[in-house]
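A.B. asks: Sharing a structure here in structure tokens format.
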4 protein chains.
Amino acid sequence: MKTGRLFEFNAPVRIVDVPDPKIDGPMDVIVKIGGAGVCGTDNNIQRGLASPSPKLPYTLGHENAGWIEEVGAVAASVGMNRGDPVILHPLISCGLCRACRAGNDMHCVSSLFPGLNTDGGYAQFLKTSVRSVIRLAAGTDPVPLAPYADAGITSYHAVKRVASQLYPGSTAVVIGIGGLGHFAIQLLKVLTPATVIGIARSNAKVQFAKDLGADAAFPAGTDGGVKEVSDFTNGLGADVVLDFVADQGTPDNGVRMLKKGGTYCVIGEGGIVSDPTIDMIVRELNIIGSLVGKYNELSELMELNRMGKIKITSKVYPMSEVVQVMKDLKEGRVLGRSVLDPWR
Amino acid sequence: MKTGRLFEFNAPVRIVDVPDPKIDGPMDVIVKIGGAGVCGTDNNIQRGLASPSPKLPYTLGHENAGWIEEVGAVAASVGMNRGDPVILHPLISCGLCRACRAGNDMHCVSSLFPGLNTDGGYAQFLKTSVRSVIRLAAGTDPVPLAPYADAGITSYHAVKRVASQLYPGSTAVVIGIGGLGHFAIQLLKVLTPATVIGIARSNAKVQFAKDLGADAAFPAGTDGGVKEVSDFTNGLGADVVLDFVADQGTPDNGVRMLKKGGTYCVIGEGGIVSDPTIDMIVRELNIIGSLVGKYNELSELMELNRMGKIKITSKVYPMSEVVQVMKDLKEGRVLGRSVLDPWR
Amino acid sequence: MKTGRLFEFNAPVRIVDVPDPKIDGPMDVIVKIGGAGVCGTDNNIQRGLASPSPKLPYTLGHENAGWIEEVGAVAASVGMNRGDPVILHPLISCGLCRACRAGNDMHCVSSLFPGLNTDGGYAQFLKTSVRSVIRLAAGTDPVPLAPYADAGITSYHAVKRVASQLYPGSTAVVIGIGGLGHFAIQLLKVLTPATVIGIARSNAKVQFAKDLGADAAFPAGTDGGVKEVSDFTNGLGADVVLDFVADQGTPDNGVRMLKKGGTYCVIGEGGIVSDPTIDMIVRELNIIGSLVGKYNELSELMELNRMGKIKITSKVYPMSEVVQVMKDLKEGRVLGRSVLDPWR
Amino acid sequence: MKTGRLFEFNAPVRIVDVPDPKIDGPMDVIVKIGGAGVCGTDNNIQRGLASPSPKLPYTLGHENAGWIEEVGAVAASVGMNRGDPVILHPLISCGLCRACRAGNDMHCVSSLFPGLNTDGGYAQFLKTSVRSVIRLAAGTDPVPLAPYADAGITSYHAVKRVASQLYPGSTAVVIGIGGLGHFAIQLLKVLTPATVIGIARSNAKVQFAKDLGADAAFPAGTDGGVKEVSDFTNGLGADVVLDFVADQGTPDNGVRMLKKGGTYCVIGEGGIVSDPTIDMIVRELNIIGSLVGKYNELSELMELNRMGKIKITSKVYPMSEVVQVMKDLKEGRVLGRSVLDPWR
């Protein structure tokens with residue numbers, strides 16, 4: 001089959017043929033990939049910045065959707081069939097550890113993460129586990145939906161973690177209106193009664209935030225939007241800040257935006273979050289990290305998509321254009337998310 | 001009346017006479033102080049480190065207990081009587097703002113804090129509000145209980161915030177076995193099924209932690225106990241770390257002690273907490289600040305004291321010895337808490 | 001002033017003059033009533049069905065909005081001014097008991113309830129407490145908003161209690177699309193991602209439910225909608241049922257509608273709820289009663305109204321028509337809520 | 001192998017030989033039973049009262065502990081070995097449905113329940129799933145611990161559901177001090193700061209409740225303990241009532257014991273719970289059913305046992321005495337729980 005593989009760091013992904021994956025165990029499922037989302041993490045991996053580093057060569061792609069191709073015994077027993085449109089929870093989790101049994105798939109003690117530490121979805125076929133498969137309504141085109149599998153679920157998980165703090169009259173700020181942030185704006189509006197503010201670097205993304213339903217959106221400017229948030233909230237600050245950038249000063253700015261008892265939730269990566277302990281206690285702040293989400297969360301998110309409450313902005317490219325698509329993302333030219341079709 | 005007043009920063013507290021406080025409004029209550037706890041914050045204020053700085057001269061003392069002396073109309077209407085033994089919630093809160101109405105007295109938008117920003121309890125009488133008064137069982141000697149009013153409630157509030165994360169088999173670490181930490185060890189054992197580890201600088205306090213019920217206790221040593229916690233938890237780390245020191249590297253060490261999904265709760269002050277965002281998200285950590293607690297929390301804590309489930313370690317001194325008592329605290333010679341009796 | 005007073009049970013309310021209320025204590029506030037909602041409870045009281053029975057004669061009206069007329073010392077100190085448009089939390093709560101301090105105003109141990117057990121708002125002026133006053137945005141016309149004060153807050157409180165159970169793909173049923181239910185339909189849609197089903201007796205109210213945003217609505221029919229809910233949910237049942245009728249078999253039907261782990265929340269009154277214990281445990285059901293809500297909840301609800309997320313359906317009548325308005329309600333001819341204007 | 005099998009309703013269980021179970025699928029685990037607890041449900045099944053009725057003949061026993069005998073591929077892959085002492089979660093759950101993925105094993109949509117609807121543990125060997133196996137510390141004697149597997153977990157699940165309502169000064173009532181209730185008394189004392197009251201029919205069990213740590217215990221008497229609970233709580237009532245009897249009037253009495261906002265949790269079965277809706281709303285009561293618990297809950301409970309915080313009262317009998325043991329239970333002569341050893 002055709003795959004987009006990384007052979008060395010800081011070199012472009014190459015399109016090469018490898019053998020098709022095979023069913024080995026009763027939990028296995030082979031998925032024919034329809035679309036694989038291209039994520040900023042893919043660029044980080046390609047630049048050798050991921051920790052721990054994957055063993056090369058391997059196939060990128062951790063945002064995957066497509067159709068069931070072949071099933072092992074367990075998937076067969078629960079009625080999964082060839083041709084069913086599916087989206088994949090990004091982890092292959094064990095289902096037996098304490099974390100899995102509490103639904104916290106992202107903390108599984110013996111998981112694999114296709115596209116990060118084993119072969120991923122820049123490929124015509126992907127081997128995953130029955131535990132990772134979410135079937136979509138019959139007739140759904142899974143291709144443009146692939147980014148829900150990571151950008152979507154990660155954003156949903158973060159919004160769910162902070163939703164109980166948001167009441168009518170409260171304010172939530174989204175820093176970074178990229179692949180993840182474009183879901184967060186919509187999810188905050190659908191799941192909470194908060195007033196939502198978007199912060200972005202470019203004017204195009206400030207406008208994008210408004211188009212997605214933000215009550216207000218501001219350019220990051222020189223102070224990352226701190227003054228705008230303060231003015232908008234009459235000096236009180238925001239109840240919640242979701243930081244999808246987490247670099248170049250956004251953690252400092254995000255924490256400064258908070259009101260007493262507020263929560264800064266970091267989903268992006270790169271920078272350092274820090275705060276004097278006296279400020280942490282006097283304002284009784286919460287600084288929380290948020291990882292990719294739960295299987296049930298991705299199911300719920302796909303239901304929101306089906307109901308039309310959330311819409312994805314994605315554009316599908318032939319996998320042959322992977323190098324250019326990754327470059328466009330790195331240089332900030334993507335609105336929403338790009339998806340690779342490995343069959344083109 | 002006799003008071004212990006601060007006239008200039010970095011100079012000793014002086015015992016001076018001032019006029020007795022008077023009932024001005026319907027919510028007022030005058031309390032005859034039996035005991036006023038001496039807190040590390042008092043030393044910080046005396047050294048000019050508090051922010052914002054109080055206007056001098058004023059009377060220190062924010063951990064107060066005693067007997068009702070005189071009541072305004074509202075206190076009278078709910079049956080408060082002269083001579084009732086009482087302990088005082090440290091804030092005078094408004095009762096009308098959103099925070100007060102949700103029980104979050106510590107976030108009241110227009111509160112006073114006797115001993116911090118208005119005259120406190122190093123005095124024979126204190127004026128407070130009916131909203132701050134908790135009556136103790138008839139016959140209770142309030143004098144040695146004064147430290148519950150701040151050290152106790154602050155510790156209780158922190159333990160309540162993290163308790164839902166602690167299950168049988170989980171681990172909680174208490175850094176700093178001083179006035180607050182000595183309550184935290186006991187409260188974790190009473191309110192949760194967690195295994196509790198104490199970390200302290202001196203051998204006397206390591207032993208104190210064990211005497212209070214810690215399942216294990218270690219000297220801070222060179223790495224603040226990180227290795228001991230890792231070994232004790234088979235490399236998994238702690239579910240919760242409560243840091244009552246928050247200085248000299250304890251925030252870094254506390255965050256390093258955590259397991260995936262764990263919570264570092266800071267109650268002390270002085271240092272800076274910081275962590276790379278990549279670590280925040282990969283381990284999905286929570287870093288939370290915890291302030292003094294709610295009125296209902298202090299009521300609950302006094303009930304734990306009455307039931308004998310929590311015991312205070314405090315020693316009462318004549319207020320005339322205030323300078324020496326504050327010095328002993330600064331130099332680490334106090335086990336539990338010292339209390340000043342303004343009538344001696 | 002003119003009032004609508006009840007002099008004997010089962011006799012019509014009479015419009016009579018009584019002396020204006022006066023400020024007696026520092027917490028008092030006199031409100032010039034703009035509108036007083038007419039509630040089914042008023043008809044129950046008039047028929048002598050309330051328990052405990054109010055002492056007659058007295059003034060009905062527990063859903064009140066208008067303008068501040070005169071303030072006591074405490075209200076003045078927090079900037080309340082004559083002419084401010086306001087809506088009133090229905091209870092006069094003490095602010096000092098454990099329940100009040102936790103925000104549970106509805107469980108206050110020494111409250112008054114104007115319109116139920118003391119003079120209410122079928123009157124040109126009402127005496128309440130500063131603790132009950134919610135100021136509306138300058139320029140707001142409070143008259144048509146009065147029903148938020150009881151129908152609205154009660155519905156909001158119930159929805160908030162069950163909201164954490166509702167996720168995308170879950171189902172909530174509202175039984176009874178009257179004054180309370182017409183808010184519940186909207187609130188479920190705004191605050192949760194659940195699919196919402198309305199059940200009503202009349203075709204007009206089935207249509208009303210749909211107009212308010214219900215995803216489906218059914219006539220109660222012979223089995224109260226049990227079959228329709230079962231069919232709609234593919235036999236799984238509803239996650240949540242809110243019963244605003246609670247009479248004539250609706251409790252039995254409501255419990256039958258539930259899926260495993262579901263919650264039946266009763267807000268109406270009249271009937272009896274019962275279930276075999278074996279069913280309670282095998283389906284692990286929750287049956288909960290819900291009372292009027294919290295002050296902060298009414299504030300949040302008024303913010304939803306201000307934001308335009310919730311709309312009230314109410315019609316204002318001169319208080320002189322009180323007898324006919326109460327009759328129309330009893331006979332099911334009111335869509336949304338009727339409001340009396342005591343100045344007409 | 002030797003089994004205790006039911007051949008017809010209302011006839012005694014017979015000890016008969018059947019073929020040993022075999023590993024069929026990758027998730028299977030064969031356990032050598034060391035002890036099988038005898039539960040009131042077994043008597044109900046034997047009397048034909050279970051719904052749905054099991055297909056006869058089959059082997060009773062749903063509280064099982066022993067040693068791993070043989071493992072399928074998945075159990076082998078996670079290091080389960082022959083001879084490991086184990087206790088078994090009572091359900092064989094699928095691990096793939098929404099409920100399982102949220103940790104709610106008891107709501108699994110395609111589970112089996114050995115001893116209820118498939119062959120159970122009154123047998124020398126039992127076939128279960130790797131998902132149901134909890135390994136005990138090396139060297140643990142599993143035999144007397146078997147009742148944790150159902151009586152224990154069910155009690156733990158109920159206590160966990162109500163624990164967040166219990167604060168210092170609150171009161172919890174346990175009705176029925178049998179196999180389940182004897183755990184509940186201890187668990188309430190270990191996991192919550194509530195004052196705990198036991199209610200039992202016999203004087204022996206009233207004393208047993210006290211021996212287990214209840215702060216007070218009363219005979220059921222004529223009103224099921226309602227007056228005693230009222231007197232003990234100064235007329236306020238209990239915050240929580242756990243009813244392990246749920247028959248012969250205990251539901252009515254349990255609901256009557258509650259204070260405003262209180263929760264009646266039913267775990268027993270037989271009677272009907274009912275309450276006028278007006279009482280449900282005015283006292284804002286919660287009536288909840290509680291089923292057997294989660295896998296993680298049983299793990300936590302076994303950790304409490306290992307730590308010595310909870311102790312089991314059980315007595316082991318040869319399986320040959322099964323008829324007498326079941327009779328003793330029915331006639332109220334068992335303190336704690338009886339366990340059958342199928343190898344004797």
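Chains: A, B, ... in order of the structure tokens. Residues: from 1 per chain. Ligands: from 1, in order shown.
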DSSP on the backbone, alpha helix (DSSP H) only: what residues of segment 65-271 of chain D does that give? Format it as a ChimeraX atom specification.

C.D. replies: /D:73-77,98-101,151-162,181-191,203-211,226-232,250-256

A.B. asks: Near chain A, meaning an atom within 12 Å, which residues of chain D appear when counting only C-alpha atoms? Write them as a PDB file with N, CA and C atoms, in the first residue's frame.

C.D. replies:
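What follows is the written file out23.pdb:
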```
ATOM      1  N   GLY D  25     -12.319 -18.611  24.518  1.00  0.00           N
ATOM      2  CA  GLY D  25     -11.935 -17.402  23.782  1.00  0.00           C
ATOM      3  C   GLY D  25     -10.757 -16.723  24.449  1.00  0.00           C
ATOM      4  N   PRO D  26     -10.227 -15.704  23.795  1.00  0.00           N
ATOM      5  CA  PRO D  26      -9.002 -15.056  24.281  1.00  0.00           C
ATOM      6  C   PRO D  26      -9.185 -14.311  25.596  1.00  0.00           C
ATOM      7  N   MET D  27     -10.418 -13.904  25.917  1.00  0.00           N
ATOM      8  CA  MET D  27     -10.656 -13.164  27.157  1.00  0.00           C
ATOM      9  C   MET D  27     -10.912 -14.108  28.337  1.00  0.00           C
ATOM     10  N   GLY D  72      -6.700 -17.441  29.132  1.00  0.00           N
ATOM     11  CA  GLY D  72      -6.689 -17.257  27.693  1.00  0.00           C
ATOM     12  C   GLY D  72      -5.585 -16.286  27.302  1.00  0.00           C
ATOM     13  N   ALA D  73      -5.539 -15.967  26.012  1.00  0.00           N
ATOM     14  CA  ALA D  73      -4.409 -15.193  25.482  1.00  0.00           C
ATOM     15  C   ALA D  73      -4.296 -13.805  26.108  1.00  0.00           C
ATOM     16  N   VAL D  74      -5.424 -13.123  26.309  1.00  0.00           N
ATOM     17  CA  VAL D  74      -5.339 -11.751  26.810  1.00  0.00           C
ATOM     18  C   VAL D  74      -4.857 -11.730  28.256  1.00  0.00           C
ATOM     19  N   ALA D  75      -5.422 -12.611  29.071  1.00  0.00           N
ATOM     20  CA  ALA D  75      -4.994 -12.655  30.475  1.00  0.00           C
ATOM     21  C   ALA D  75      -3.510 -12.993  30.570  1.00  0.00           C
ATOM     22  N   SER D  77      -1.287 -12.228  28.436  1.00  0.00           N
ATOM     23  CA  SER D  77      -0.490 -11.086  27.971  1.00  0.00           C
ATOM     24  C   SER D  77      -0.346 -10.000  29.032  1.00  0.00           C
ATOM     25  N   VAL D  78      -1.213  -9.983  30.029  1.00  0.00           N
ATOM     26  CA  VAL D  78      -1.071  -8.979  31.084  1.00  0.00           C
ATOM     27  C   VAL D  78      -0.507  -9.596  32.368  1.00  0.00           C
ATOM     28  N   GLY D  79       0.067 -10.780  32.234  1.00  0.00           N
ATOM     29  CA  GLY D  79       0.840 -11.333  33.348  1.00  0.00           C
ATOM     30  C   GLY D  79       0.043 -12.071  34.401  1.00  0.00           C
ATOM     31  N   SER D  93     -18.421  -8.290  31.794  1.00  0.00           N
ATOM     32  CA  SER D  93     -18.867  -7.142  31.001  1.00  0.00           C
ATOM     33  C   SER D  93     -18.120  -7.096  29.676  1.00  0.00           C
ATOM     34  N   CYS D  94     -18.692  -6.362  28.698  1.00  0.00           N
ATOM     35  CA  CYS D  94     -18.150  -6.416  27.340  1.00  0.00           C
ATOM     36  C   CYS D  94     -16.916  -5.537  27.142  1.00  0.00           C
ATOM     37  N   GLY D  95     -16.841  -4.433  27.897  1.00  0.00           N
ATOM     38  CA  GLY D  95     -15.691  -3.540  27.757  1.00  0.00           C
ATOM     39  C   GLY D  95     -15.786  -2.602  26.571  1.00  0.00           C
ATOM     40  N   LEU D  96     -16.819  -2.707  25.777  1.00  0.00           N
ATOM     41  CA  LEU D  96     -16.894  -1.916  24.539  1.00  0.00           C
ATOM     42  C   LEU D  96     -18.081  -0.958  24.473  1.00  0.00           C
ATOM     43  N   CYS D  97     -19.075  -1.171  25.314  1.00  0.00           N
ATOM     44  CA  CYS D  97     -20.258  -0.295  25.249  1.00  0.00           C
ATOM     45  C   CYS D  97     -19.968   1.013  25.984  1.00  0.00           C
ATOM     46  N   ARG D  98     -20.843   1.976  25.795  1.00  0.00           N
ATOM     47  CA  ARG D  98     -20.652   3.283  26.446  1.00  0.00           C
ATOM     48  C   ARG D  98     -20.529   3.145  27.962  1.00  0.00           C
ATOM     49  N   ALA D  99     -21.370   2.306  28.568  1.00  0.00           N
ATOM     50  CA  ALA D  99     -21.330   2.152  30.024  1.00  0.00           C
ATOM     51  C   ALA D  99     -19.986   1.587  30.471  1.00  0.00           C
ATOM     52  N   CYS D 100     -19.542   0.517  29.863  1.00  0.00           N
ATOM     53  CA  CYS D 100     -18.244  -0.073  30.224  1.00  0.00           C
ATOM     54  C   CYS D 100     -17.125   0.953  30.067  1.00  0.00           C
ATOM     55  N   ARG D 101     -17.168   1.701  28.998  1.00  0.00           N
ATOM     56  CA  ARG D 101     -16.095   2.649  28.723  1.00  0.00           C
ATOM     57  C   ARG D 101     -16.101   3.819  29.693  1.00  0.00           C
ATOM     58  N   ALA D 102     -17.220   4.016  30.400  1.00  0.00           N
ATOM     59  CA  ALA D 102     -17.271   5.038  31.434  1.00  0.00           C
ATOM     60  C   ALA D 102     -17.023   4.429  32.814  1.00  0.00           C
ATOM     61  N   GLY D 103     -16.724   3.123  32.844  1.00  0.00           N
ATOM     62  CA  GLY D 103     -16.460   2.462  34.119  1.00  0.00           C
ATOM     63  C   GLY D 103     -17.700   1.906  34.788  1.00  0.00           C
ATOM     64  N   ASN D 104     -18.858   2.121  34.173  1.00  0.00           N
ATOM     65  CA  ASN D 104     -20.105   1.648  34.771  1.00  0.00           C
ATOM     66  C   ASN D 104     -20.409   0.211  34.360  1.00  0.00           C
ATOM     67  N   ASP D 105     -19.550  -0.695  34.799  1.00  0.00           N
ATOM     68  CA  ASP D 105     -19.679  -2.110  34.431  1.00  0.00           C
ATOM     69  C   ASP D 105     -21.079  -2.653  34.695  1.00  0.00           C
ATOM     70  N   VAL D 109     -24.258  -3.271  28.406  1.00  0.00           N
ATOM     71  CA  VAL D 109     -25.432  -3.660  27.630  1.00  0.00           C
ATOM     72  C   VAL D 109     -25.415  -5.124  27.196  1.00  0.00           C
ATOM     73  N   SER D 110     -24.305  -5.807  27.375  1.00  0.00           N
ATOM     74  CA  SER D 110     -24.312  -7.233  26.992  1.00  0.00           C
ATOM     75  C   SER D 110     -23.482  -8.062  27.956  1.00  0.00           C
ATOM     76  N   SER D 129     -14.202 -13.766  32.738  1.00  0.00           N
ATOM     77  CA  SER D 129     -13.431 -13.005  31.741  1.00  0.00           C
ATOM     78  C   SER D 129     -12.254 -12.325  32.419  1.00  0.00           C
ATOM     79  N   VAL D 130     -11.218 -12.089  31.655  1.00  0.00           N
ATOM     80  CA  VAL D 130     -10.076 -11.334  32.173  1.00  0.00           C
ATOM     81  C   VAL D 130     -10.527  -9.984  32.713  1.00  0.00           C
ATOM     82  N   ARG D 131     -11.595  -9.444  32.171  1.00  0.00           N
ATOM     83  CA  ARG D 131     -12.099  -8.142  32.641  1.00  0.00           C
ATOM     84  C   ARG D 131     -12.638  -8.197  34.066  1.00  0.00           C
ATOM     85  N   SER D 132     -12.911  -9.400  34.586  1.00  0.00           N
ATOM     86  CA  SER D 132     -13.528  -9.520  35.912  1.00  0.00           C
ATOM     87  C   SER D 132     -12.545  -9.867  37.014  1.00  0.00           C
ATOM     88  N   VAL D 133     -11.304 -10.086  36.662  1.00  0.00           N
ATOM     89  CA  VAL D 133     -10.341 -10.631  37.619  1.00  0.00           C
ATOM     90  C   VAL D 133      -9.566  -9.521  38.331  1.00  0.00           C
ATOM     91  N   ILE D 134      -9.584  -9.562  39.642  1.00  0.00           N
ATOM     92  CA  ILE D 134      -8.768  -8.658  40.455  1.00  0.00           C
ATOM     93  C   ILE D 134      -7.771  -9.507  41.229  1.00  0.00           C
ATOM     94  N   LYS D 294     -18.647  -0.949  40.416  1.00  0.00           N
ATOM     95  CA  LYS D 294     -17.695  -0.959  39.321  1.00  0.00           C
ATOM     96  C   LYS D 294     -16.477  -1.828  39.658  1.00  0.00           C
ATOM     97  N   TYR D 295     -15.788  -2.264  38.632  1.00  0.00           N
ATOM     98  CA  TYR D 295     -14.546  -3.010  38.812  1.00  0.00           C
ATOM     99  C   TYR D 295     -13.558  -2.210  39.653  1.00  0.00           C
ATOM    100  N   ASN D 296     -13.359  -0.947  39.286  1.00  0.00           N
ATOM    101  CA  ASN D 296     -12.396  -0.139  40.050  1.00  0.00           C
ATOM    102  C   ASN D 296     -12.817  -0.003  41.506  1.00  0.00           C
ATOM    103  N   GLU D 297     -14.120   0.017  41.743  1.00  0.00           N
ATOM    104  CA  GLU D 297     -14.588   0.095  43.129  1.00  0.00           C
ATOM    105  C   GLU D 297     -14.214  -1.158  43.911  1.00  0.00           C
ATOM    106  N   LEU D 298     -14.333  -2.315  43.285  1.00  0.00           N
ATOM    107  CA  LEU D 298     -13.947  -3.542  43.988  1.00  0.00           C
ATOM    108  C   LEU D 298     -12.434  -3.555  44.243  1.00  0.00           C
ATOM    109  N   SER D 299     -11.669  -3.056  43.288  1.00  0.00           N
ATOM    110  CA  SER D 299     -10.218  -2.945  43.512  1.00  0.00           C
ATOM    111  C   SER D 299      -9.924  -2.063  44.718  1.00  0.00           C
ATOM    112  N   GLU D 300     -10.619  -0.938  44.778  1.00  0.00           N
ATOM    113  CA  GLU D 300     -10.389  -0.010  45.891  1.00  0.00           C
ATOM    114  C   GLU D 300     -10.776  -0.657  47.221  1.00  0.00           C
TER     115      GLU D 300
END
```

A.B. asks: Do you know which residues are at most 7 Å from Ile153 of chain C counting only C-alpha atoms, after dropping those on the same chain fewer than 4 positions away, and could you put them as a ChimeraX atom specification?

C.D. replies: /C:148-149,157,292-293,297-298

A.B. asks: So that I can see what lies close to Lys227 of chain B, please list as a PyMOL selection string the residues with an atom at most 10 Å from it, counting only C-alpha atoms and leaving out residues fewer than 6 positions away in the same chain.

C.D. replies: chain B and resi 220-221+233+235+237+253+256-257

A.B. asks: Just to confirm, what's the straight-line distance from atom CA of Tyr156 of chain A to atom CA of Tyr264 of chain C in Å (one decimal)?

C.D. replies: 27.9 Å

A.B. asks: As a VMD selection string, please: the residues near Ile175 of chain D (cut-off 12 Å, only C-alpha atoms, same-chain neighbours under 6 positions excluded).

C.D. replies: chain D and resid 181 to 182 184 to 185 196 to 201 205 to 206 209 214 217 to 220 224 to 226 229 240 to 251 253 to 255 257 264 to 268

A.B. asks: Write out as a PyMOL selection string which residues come within 12 Å of Leu136 of chain A when counting only C-alpha atoms, dropping same-chain ones fewer than 5 positions away.

C.D. replies: chain A and resi 65-68+80+83-88+141-143+145-146+298-306

A.B. asks: Now that the selection is made, can you save its residues with N, CA, C and O atoms as a compact mmCIF listing (two decimals), in the first residue's frame?

C.D. replies:
```txt
# COMPACT_ATOMS: atom_id res chain seq x y z
N ALA A 65 -9.79 8.63 9.65
CA ALA A 65 -11.15 8.17 9.43
C ALA A 65 -11.18 7.41 8.11
O ALA A 65 -10.30 7.57 7.26
N GLY A 66 -12.18 6.58 7.95
CA GLY A 66 -12.26 5.79 6.73
C GLY A 66 -13.37 4.76 6.82
O GLY A 66 -14.47 5.06 7.29
N TRP A 67 -13.05 3.53 6.35
CA TRP A 67 -14.05 2.47 6.35
C TRP A 67 -13.41 1.19 6.86
O TRP A 67 -12.23 0.93 6.59
N ILE A 68 -14.18 0.40 7.58
CA ILE A 68 -13.66 -0.89 8.04
C ILE A 68 -13.33 -1.75 6.82
O ILE A 68 -14.12 -1.85 5.88
N MET A 80 -19.38 -5.31 13.71
CA MET A 80 -18.66 -4.40 12.82
C MET A 80 -18.46 -5.10 11.48
O MET A 80 -18.06 -6.26 11.44
N GLY A 83 -16.78 -2.01 5.24
CA GLY A 83 -17.50 -0.93 4.58
C GLY A 83 -18.13 0.07 5.52
O GLY A 83 -18.51 1.16 5.09
N ASP A 84 -18.26 -0.28 6.80
CA ASP A 84 -18.82 0.68 7.74
C ASP A 84 -17.93 1.93 7.80
O ASP A 84 -16.72 1.82 8.00
N PRO A 85 -18.52 3.12 7.66
CA PRO A 85 -17.71 4.33 7.82
C PRO A 85 -17.36 4.52 9.30
O PRO A 85 -18.22 4.33 10.17
N VAL A 86 -16.10 4.85 9.55
CA VAL A 86 -15.63 4.95 10.93
C VAL A 86 -14.68 6.12 11.13
O VAL A 86 -14.05 6.61 10.18
N ILE A 87 -14.60 6.55 12.37
CA ILE A 87 -13.53 7.46 12.80
C ILE A 87 -12.83 6.77 13.95
O ILE A 87 -13.45 5.97 14.67
N LEU A 88 -11.54 7.06 14.13
CA LEU A 88 -10.74 6.28 15.08
C LEU A 88 -10.29 7.11 16.27
O LEU A 88 -9.69 8.19 16.10
N ASP A 141 -19.81 10.40 4.82
CA ASP A 141 -18.49 10.47 4.17
C ASP A 141 -17.46 10.79 5.25
O ASP A 141 -17.42 11.91 5.76
N PRO A 142 -16.63 9.82 5.58
CA PRO A 142 -15.70 10.05 6.70
C PRO A 142 -14.52 10.95 6.34
O PRO A 142 -13.86 11.49 7.24
N VAL A 143 -14.23 11.12 5.05
CA VAL A 143 -12.97 11.76 4.66
C VAL A 143 -12.76 13.14 5.28
O VAL A 143 -11.76 13.37 5.97
N LEU A 145 -14.02 14.40 7.79
CA LEU A 145 -14.25 14.41 9.24
C LEU A 145 -13.02 13.97 10.02
O LEU A 145 -13.00 14.06 11.26
N ALA A 146 -11.98 13.50 9.35
CA ALA A 146 -10.82 12.95 10.06
C ALA A 146 -10.31 13.83 11.19
O ALA A 146 -9.98 13.33 12.27
N LEU A 298 -15.20 11.29 22.06
CA LEU A 298 -15.21 11.35 20.60
C LEU A 298 -16.56 10.91 20.03
O LEU A 298 -17.07 11.49 19.08
N SER A 299 -17.16 9.90 20.66
CA SER A 299 -18.51 9.49 20.24
C SER A 299 -19.50 10.66 20.38
O SER A 299 -20.33 10.90 19.49
N GLU A 300 -19.42 11.34 21.51
CA GLU A 300 -20.34 12.46 21.73
C GLU A 300 -20.10 13.57 20.71
O GLU A 300 -21.04 14.18 20.19
N LEU A 301 -18.85 13.81 20.42
CA LEU A 301 -18.50 14.86 19.46
C LEU A 301 -19.04 14.52 18.07
O LEU A 301 -19.56 15.40 17.36
N MET A 302 -18.93 13.26 17.69
CA MET A 302 -19.45 12.87 16.37
C MET A 302 -20.97 12.99 16.33
O MET A 302 -21.56 13.26 15.28
N GLU A 303 -21.60 12.84 17.49
CA GLU A 303 -23.05 13.05 17.55
C GLU A 303 -23.36 14.54 17.37
O GLU A 303 -24.32 14.89 16.67
N LEU A 304 -22.56 15.40 17.95
CA LEU A 304 -22.76 16.85 17.74
C LEU A 304 -22.60 17.20 16.27
O LEU A 304 -23.32 18.05 15.74
N ASN A 305 -21.64 16.55 15.61
CA ASN A 305 -21.44 16.78 14.18
C ASN A 305 -22.67 16.30 13.39
O ASN A 305 -23.18 17.00 12.52
N ARG A 306 -23.14 15.11 13.76
CA ARG A 306 -24.30 14.55 13.06
C ARG A 306 -25.54 15.43 13.22
O ARG A 306 -26.33 15.61 12.29
```

A.B. asks: Could you state the separation of atom CA of Lys309 of chain A and atom CA of Leu187 of chain A in Å, given to one decimal place?

C.D. replies: 8.6 Å

A.B. asks: Which residues come within 7 Å of Ile30 of chain B, counting only C-alpha atoms, excluding same-chain residues fewer than 3 positions away, as an NGL selection string?

C.D. replies: :B and (23 or 68-71 or 125-128)
